[in-house]
Amino acid sequence: MAELVVRPDERFIQEVLANGGADLKKCYQCATCSTVCALSEEDRTFPRRQMLLAQWGLKDLVLSDPALWLCHSCGDCTEQCPRGARPGDVLGALRQQAIQYFAWPKFVARWVNNARAVWTLFLLPVLLFAGLGLWGPETVSEQMEFANEYPVPVLEALFFSVSGLAVLAFAVGLGRFVKALRVQGATAPILPNLVPAIGEIFAHRRFQKCQAEPFRYPGHLLAFWGFLGLGFVGTVIGIGTMGGWLHTPLPLSHPLKVLANLSAAVALVGASILLANRLRNQQLRQRTTYFDWLLVWLLAGAVLTGLLSELLRLAQLKVMYGVYFIHLVLVFALLAYAPYSKLAHAVYRTVALAATRRGTRGGP
Ligand code: SF4
Ligand code: SF4
């Protein structure tokens with residue numbers, strides 16, 4: 001087996017403390033959290049072990065641990081920890097560090113996760129879409145349409161290019177993650193286990209194990225399926241528009257339009273449940289950091305402005321162009337920064353689940 005280099009890293013500890021894991025050092029290894037966590041098994045030390053590794057600053061070891069990604073932030077352990085060390089929050093902070101650790105290029109991950117620079121994330125898309133709006137299309141219809149303001153095939157080509165770059169960044173990040181898993185000797189064959197892992201994520205089976213927080217499961221499930229539906233529809237419409245066999249705006253009765261509106265409604269309901277849950281549990285079970293809020297606001301903003309711009313277009317109100325502009329900026333940010341934001345957890349979690357399938361090598 002390859003040699004694992006372990007270097008205690010004081011800077012890493014400070015970063016965990018500053019990004020949601022402020023109570024890490026209170027942990028005195030009583031193991032209550034491992035007893036409480038529904039995902040921890042009798043012969044496992046999750047999440048107590050990860051708390052210890054983080055306290056010692058063993059960055060390489062803890063960030064390569066697949067168990068980090070199996071936690072679904074239910075907060076049961078945080079509620080029961082007798083020292084107030086908030087292990088659920090610490091694991092969230094460690095996942096954020098892991099996303100930056102494996103990210104490519106790393107400076108983009110540091111930029112996206114810097115709360116003080118948040119406004120700069122929107123500079124590029126604002127300039128891009130303002131430029132495209134000024135450039136404008138060659139043909140203009142009498143009705144108010146978004147196509148009057150933006151050349152739609154160019155928009156679609158731009159979004160496909162951004163998505164392609166995001167896929168490339170994910171591929172490099174995942175390559176690093178899988179390499180780190182192998183160094184730890186903690187991986188089952190990933191490819192054959194991907195299908196059952198994806199099935200587990202689609203059904204949210206682990207979320208169902210959280211007894212004390214019953215709303216988290218339906219909230220996350222609805223948000224997940226809603227955004228999956230929107231991603232699917234967006235991709236098909238994008239391909240269709242560039243291929244010339246679909247012309248937007250689609251009528252409200254078009255199956256793709258029906259699916260888009262249904263998905264948006266489902267995503268909005270799910271996101272609202274999660275948001276209400278977070279606000280209610282802020283002190284008791286789950287703290288919310290900049291890392292969490294960035295994703296929540298990008299997702300909610302993109303869905304809301306998408307629905308609103310459609311309603312305004314149907315009402316033929318000129319303000320629709322302004323709302324659509326904000327929608328484009330938010331969708332761009334969502335796609336472009338996906339490998340560095342909390343959205344990346346979906347991808348890392350899938351691979352971690354595949355790498356720790358039962359019958360090959362155990363879970364947490
Ligand atoms: S995090 Fe809390 S419950 Fe878990 S081992 Fe540390 S002190 Fe005990
Ligand atoms: S937050 Fe929930 S899933 Fe995560 S370690 Fe704590 S009890 Fe387990």
# chains A, B, ... in the order shown; residues from 1 in each chain; ligands from 1

call {"tool": "residues_near_ligand", "arguments": {"ligand": "ligand 2", "cutoff": "8 Å", "atoms": "only C-alpha atoms and all ligand atoms", "output": "list in words"}}
result
Cys33, Ser34, Val36, Cys37, Ala38, Leu39, Ser40, Phe46, Pro47, Leu70, Cys71, His72, Ser73, Cys74, Gly75, Asp76, Cys77, Thr78, Pro87, Gly88, Asp89, Leu91 and Cys210 of chain A

call {"tool": "closest_atom_pairs", "arguments": {"of": "chain A", "to": "ligand 1", "cutoff": "9 Å", "atoms": "only C-alpha atoms and all ligand atoms", "output": "tab-separated table"}}
result
residue	atom	partner	partner_atom_place_in_ligand_line	distance
A:Leu24	CA	ligand 1	1 (S)	7.6
A:Lys25	CA	ligand 1	6 (Fe)	8.7
A:Lys26	CA	ligand 1	7 (S)	6.6
A:Cys27	CA	ligand 1	6 (Fe)	3.6
A:Tyr28	CA	ligand 1	7 (S)	4.6
A:Gln29	CA	ligand 1	5 (S)	3.6
A:Cys30	CA	ligand 1	8 (Fe)	3.8
A:Ala31	CA	ligand 1	5 (S)	3.9
A:Thr32	CA	ligand 1	3 (S)	4.0
A:Cys33	CA	ligand 1	3 (S)	4.1
A:Ser34	CA	ligand 1	4 (Fe)	6.5
A:Thr35	CA	ligand 1	3 (S)	8.4
A:Val36	CA	ligand 1	3 (S)	8.4
A:Phe46	CA	ligand 1	4 (Fe)	8.9
A:Pro47	CA	ligand 1	4 (Fe)	6.9
A:Arg48	CA	ligand 1	5 (S)	4.7
A:Arg49	CA	ligand 1	5 (S)	8.0
A:Met51	CA	ligand 1	1 (S)	6.4
A:Leu52	CA	ligand 1	6 (Fe)	8.0
A:Cys77	CA	ligand 1	3 (S)	6.6
A:Thr78	CA	ligand 1	2 (Fe)	7.3
A:Gln80	CA	ligand 1	3 (S)	6.7
A:Cys81	CA	ligand 1	3 (S)	3.9
A:Pro82	CA	ligand 1	2 (Fe)	5.8
A:Arg83	CA	ligand 1	7 (S)	5.0
A:Gly84	CA	ligand 1	2 (Fe)	6.4
A:Ala85	CA	ligand 1	1 (S)	5.1
A:Arg86	CA	ligand 1	1 (S)	6.2
A:Pro87	CA	ligand 1	1 (S)	4.8
A:Gly88	CA	ligand 1	1 (S)	8.4
A:Val90	CA	ligand 1	1 (S)	8.8

call {"tool": "write_last_selection", "arguments": {"atoms": "N, CA and C atoms", "output": "PDB file, in the first residue's frame"}}
result
ATOM      1  N   LEU A  24     -15.083  22.773  18.057  1.00  0.00           N
ATOM      2  CA  LEU A  24     -14.318  21.529  17.881  1.00  0.00           C
ATOM      3  C   LEU A  24     -13.498  21.155  19.117  1.00  0.00           C
ATOM      4  N   LYS A  25     -12.809  22.145  19.694  1.00  0.00           N
ATOM      5  CA  LYS A  25     -11.855  21.832  20.774  1.00  0.00           C
ATOM      6  C   LYS A  25     -12.534  21.439  22.087  1.00  0.00           C
ATOM      7  N   LYS A  26     -13.858  21.587  22.146  1.00  0.00           N
ATOM      8  CA  LYS A  26     -14.549  21.206  23.384  1.00  0.00           C
ATOM      9  C   LYS A  26     -14.689  19.686  23.512  1.00  0.00           C
ATOM     10  N   CYS A  27     -14.510  18.978  22.407  1.00  0.00           N
ATOM     11  CA  CYS A  27     -14.726  17.529  22.413  1.00  0.00           C
ATOM     12  C   CYS A  27     -13.754  16.829  23.359  1.00  0.00           C
ATOM     13  N   TYR A  28     -14.268  15.984  24.254  1.00  0.00           N
ATOM     14  CA  TYR A  28     -13.382  15.219  25.140  1.00  0.00           C
ATOM     15  C   TYR A  28     -13.548  13.705  24.932  1.00  0.00           C
ATOM     16  N   GLN A  29     -14.016  13.346  23.716  1.00  0.00           N
ATOM     17  CA  GLN A  29     -13.998  11.949  23.272  1.00  0.00           C
ATOM     18  C   GLN A  29     -14.843  10.998  24.127  1.00  0.00           C
ATOM     19  N   CYS A  30     -16.020  11.456  24.509  1.00  0.00           N
ATOM     20  CA  CYS A  30     -16.886  10.601  25.326  1.00  0.00           C
ATOM     21  C   CYS A  30     -17.624   9.563  24.469  1.00  0.00           C
ATOM     22  N   ALA A  31     -17.744   9.832  23.160  1.00  0.00           N
ATOM     23  CA  ALA A  31     -18.374   8.912  22.198  1.00  0.00           C
ATOM     24  C   ALA A  31     -19.898   8.904  22.250  1.00  0.00           C
ATOM     25  N   THR A  32     -20.488   9.858  22.937  1.00  0.00           N
ATOM     26  CA  THR A  32     -21.954   9.946  22.906  1.00  0.00           C
ATOM     27  C   THR A  32     -22.442  10.103  21.468  1.00  0.00           C
ATOM     28  N   CYS A  33     -21.744  10.926  20.684  1.00  0.00           N
ATOM     29  CA  CYS A  33     -22.164  11.183  19.295  1.00  0.00           C
ATOM     30  C   CYS A  33     -22.193   9.886  18.481  1.00  0.00           C
ATOM     31  N   SER A  34     -21.198   9.029  18.680  1.00  0.00           N
ATOM     32  CA  SER A  34     -21.163   7.768  17.930  1.00  0.00           C
ATOM     33  C   SER A  34     -22.307   6.847  18.344  1.00  0.00           C
ATOM     34  N   THR A  35     -22.723   6.962  19.588  1.00  0.00           N
ATOM     35  CA  THR A  35     -23.841   6.150  20.058  1.00  0.00           C
ATOM     36  C   THR A  35     -25.154   6.688  19.495  1.00  0.00           C
ATOM     37  N   VAL A  36     -25.262   8.010  19.428  1.00  0.00           N
ATOM     38  CA  VAL A  36     -26.504   8.655  18.987  1.00  0.00           C
ATOM     39  C   VAL A  36     -26.709   8.538  17.475  1.00  0.00           C
ATOM     40  N   PHE A  46     -17.556   6.552  14.235  1.00  0.00           N
ATOM     41  CA  PHE A  46     -18.051   7.760  13.551  1.00  0.00           C
ATOM     42  C   PHE A  46     -19.114   8.439  14.406  1.00  0.00           C
ATOM     43  N   PRO A  47     -19.110   9.747  14.662  1.00  0.00           N
ATOM     44  CA  PRO A  47     -18.155  10.750  14.162  1.00  0.00           C
ATOM     45  C   PRO A  47     -17.064  11.105  15.177  1.00  0.00           C
ATOM     46  N   ARG A  48     -16.963  10.339  16.283  1.00  0.00           N
ATOM     47  CA  ARG A  48     -15.955  10.671  17.301  1.00  0.00           C
ATOM     48  C   ARG A  48     -14.540  10.679  16.698  1.00  0.00           C
ATOM     49  N   ARG A  49     -14.263   9.685  15.851  1.00  0.00           N
ATOM     50  CA  ARG A  49     -12.926   9.587  15.255  1.00  0.00           C
ATOM     51  C   ARG A  49     -12.597  10.842  14.432  1.00  0.00           C
ATOM     52  N   MET A  51     -13.794  13.779  14.813  1.00  0.00           N
ATOM     53  CA  MET A  51     -13.570  14.908  15.730  1.00  0.00           C
ATOM     54  C   MET A  51     -12.119  14.905  16.213  1.00  0.00           C
ATOM     55  N   LEU A  52     -11.632  13.722  16.562  1.00  0.00           N
ATOM     56  CA  LEU A  52     -10.262  13.602  17.085  1.00  0.00           C
ATOM     57  C   LEU A  52      -9.230  13.972  16.009  1.00  0.00           C
ATOM     58  N   CYS A  77     -26.430  14.291  16.862  1.00  0.00           N
ATOM     59  CA  CYS A  77     -25.234  14.245  17.711  1.00  0.00           C
ATOM     60  C   CYS A  77     -24.980  15.596  18.368  1.00  0.00           C
ATOM     61  N   THR A  78     -25.225  16.667  17.615  1.00  0.00           N
ATOM     62  CA  THR A  78     -25.016  18.012  18.161  1.00  0.00           C
ATOM     63  C   THR A  78     -25.941  18.256  19.350  1.00  0.00           C
ATOM     64  N   GLN A  80     -27.142  16.075  21.384  1.00  0.00           N
ATOM     65  CA  GLN A  80     -26.852  15.218  22.542  1.00  0.00           C
ATOM     66  C   GLN A  80     -25.447  15.377  23.121  1.00  0.00           C
ATOM     67  N   CYS A  81     -24.556  16.047  22.393  1.00  0.00           N
ATOM     68  CA  CYS A  81     -23.167  16.146  22.871  1.00  0.00           C
ATOM     69  C   CYS A  81     -23.119  16.851  24.226  1.00  0.00           C
ATOM     70  N   PRO A  82     -22.574  16.193  25.259  1.00  0.00           N
ATOM     71  CA  PRO A  82     -22.590  16.794  26.599  1.00  0.00           C
ATOM     72  C   PRO A  82     -21.645  17.985  26.742  1.00  0.00           C
ATOM     73  N   ARG A  83     -20.719  18.137  25.796  1.00  0.00           N
ATOM     74  CA  ARG A  83     -19.753  19.232  25.881  1.00  0.00           C
ATOM     75  C   ARG A  83     -20.091  20.400  24.962  1.00  0.00           C
ATOM     76  N   GLY A  84     -21.157  20.276  24.202  1.00  0.00           N
ATOM     77  CA  GLY A  84     -21.492  21.349  23.259  1.00  0.00           C
ATOM     78  C   GLY A  84     -20.450  21.489  22.160  1.00  0.00           C
ATOM     79  N   ALA A  85     -19.834  20.382  21.764  1.00  0.00           N
ATOM     80  CA  ALA A  85     -18.793  20.452  20.715  1.00  0.00           C
ATOM     81  C   ALA A  85     -19.387  20.496  19.309  1.00  0.00           C
ATOM     82  N   ARG A  86     -20.688  20.300  19.206  1.00  0.00           N
ATOM     83  CA  ARG A  86     -21.435  20.385  17.947  1.00  0.00           C
ATOM     84  C   ARG A  86     -20.786  19.570  16.818  1.00  0.00           C
ATOM     85  N   PRO A  87     -20.683  18.241  16.989  1.00  0.00           N
ATOM     86  CA  PRO A  87     -20.012  17.420  15.963  1.00  0.00           C
ATOM     87  C   PRO A  87     -20.670  17.525  14.586  1.00  0.00           C
ATOM     88  N   GLY A  88     -21.994  17.680  14.537  1.00  0.00           N
ATOM     89  CA  GLY A  88     -22.655  17.814  13.227  1.00  0.00           C
ATOM     90  C   GLY A  88     -22.139  19.033  12.480  1.00  0.00           C
ATOM     91  N   VAL A  90     -19.224  20.491  13.007  1.00  0.00           N
ATOM     92  CA  VAL A  90     -17.807  20.283  12.682  1.00  0.00           C
ATOM     93  C   VAL A  90     -17.695  19.458  11.394  1.00  0.00           C
TER      94      VAL A  90
END

call {"tool": "closest_residue", "arguments": {"among": "A:Ala346, A:Val183, A:Leu127, A:Leu228", "to": "Ala260 (chain A)", "atoms": "only C-alpha atoms"}}
result
A:Leu228

call {"tool": "atom_distance", "arguments": {"atom1": "CA of Gly322 (chain A)", "atom2": "CA of Ser309 (chain A)"}}
result
8.5 Å

call {"tool": "closest_residue", "arguments": {"among": "A:Arg95, A:Arg206, A:Arg110, A:His254", "to": "Gly20 (chain A)", "atoms": "only C-alpha atoms"}}
result
A:Arg95

call {"tool": "select_by_dssp", "arguments": {"residues": "region 162-360 of chain A", "states": "alpha helix (DSSP H)", "output": "PyMOL selection string"}}
result
chain A and resi 162-183+190-203+216-243+255-281+290-314+320-336+345-355

call {"tool": "atom_distance", "arguments": {"atom1": "CA of Ala315 (chain A)", "atom2": "CA of Leu132 (chain A)"}}
result
24.2 Å

call {"tool": "closest_residue", "arguments": {"among": "A:Leu328, A:Leu17, A:Ala169, A:Val126", "to": "Gln96 (chain A)", "atoms": "only C-alpha atoms"}}
result
A:Leu17

call {"tool": "residues_around", "arguments": {"residues": "Met320 (chain A)", "least_positions_apart": "6", "cutoff": "8 Å", "atoms": "only C-alpha atoms", "output": "list in words"}}
result
Leu308, Ser309, Glu310, Leu312 and Arg313 of chain A

call {"tool": "atom_distance", "arguments": {"atom1": "CA of Ala203 (chain A)", "atom2": "CA of Tyr337 (chain A)"}}
result
26.0 Å

call {"tool": "decode", "arguments": {"residues": "region 208-262 of chain A", "atoms": "C-alpha atoms", "output": "short mmCIF file (atom, residue, chain, number, x, y, z; two decimals), in the first residue's frame"}}
result
data_model
loop_
_atom_site.label_atom_id
_atom_site.label_comp_id
_atom_site.auth_asym_id
_atom_site.auth_seq_id
_atom_site.Cartn_x
_atom_site.Cartn_y
_atom_site.Cartn_z
CA GLN A 208 -35.03 8.48 6.70
CA LYS A 209 -32.89 7.24 9.62
CA CYS A 210 -33.03 10.60 11.32
CA GLN A 211 -35.88 10.12 13.78
CA ALA A 212 -35.62 13.35 15.72
CA GLU A 213 -35.91 15.66 12.69
CA PRO A 214 -38.77 14.34 10.55
CA PHE A 215 -39.02 17.35 8.19
CA ARG A 216 -35.46 17.17 6.94
CA TYR A 217 -36.11 14.04 4.89
CA PRO A 218 -39.10 15.32 2.85
CA GLY A 219 -37.51 18.79 2.52
CA HIS A 220 -34.24 17.49 1.10
CA LEU A 221 -35.99 14.90 -1.08
CA LEU A 222 -38.30 17.48 -2.68
CA ALA A 223 -35.49 19.98 -3.22
CA PHE A 224 -33.30 17.24 -4.73
CA TRP A 225 -35.93 15.97 -7.18
CA GLY A 226 -37.10 19.47 -8.05
CA PHE A 227 -33.62 20.60 -9.03
CA LEU A 228 -32.93 17.35 -10.84
CA GLY A 229 -36.07 17.96 -12.91
CA LEU A 230 -35.01 21.54 -13.66
CA GLY A 231 -31.54 20.38 -14.67
CA PHE A 232 -33.02 17.79 -17.01
CA VAL A 233 -35.45 20.20 -18.65
CA GLY A 234 -32.79 22.91 -18.99
CA THR A 235 -30.43 20.48 -20.71
CA VAL A 236 -33.06 19.17 -23.16
CA ILE A 237 -34.29 22.66 -24.04
CA GLY A 238 -30.70 23.86 -24.46
CA ILE A 239 -29.86 21.03 -26.86
CA GLY A 240 -33.16 21.47 -28.69
CA THR A 241 -32.69 25.22 -29.10
CA MET A 242 -29.15 24.88 -30.41
CA GLY A 243 -30.20 22.02 -32.67
CA GLY A 244 -33.05 24.11 -34.05
CA TRP A 245 -35.84 21.62 -33.20
CA LEU A 246 -37.17 23.53 -30.18
CA HIS A 247 -38.18 27.17 -30.15
CA THR A 248 -38.64 29.10 -26.93
CA PRO A 249 -40.86 30.22 -25.36
CA LEU A 250 -42.59 26.84 -25.24
CA PRO A 251 -46.36 26.91 -24.73
CA LEU A 252 -47.50 26.26 -21.16
CA SER A 253 -49.04 22.95 -22.23
CA HIS A 254 -45.77 21.61 -23.71
CA PRO A 255 -44.62 18.53 -21.71
CA LEU A 256 -41.19 20.10 -21.07
CA LYS A 257 -42.84 23.28 -19.81
CA VAL A 258 -45.17 21.29 -17.57
CA LEU A 259 -42.21 19.37 -16.15
CA ALA A 260 -40.22 22.59 -15.66
CA ASN A 261 -43.01 24.33 -13.76
CA LEU A 262 -43.75 21.24 -11.70
#
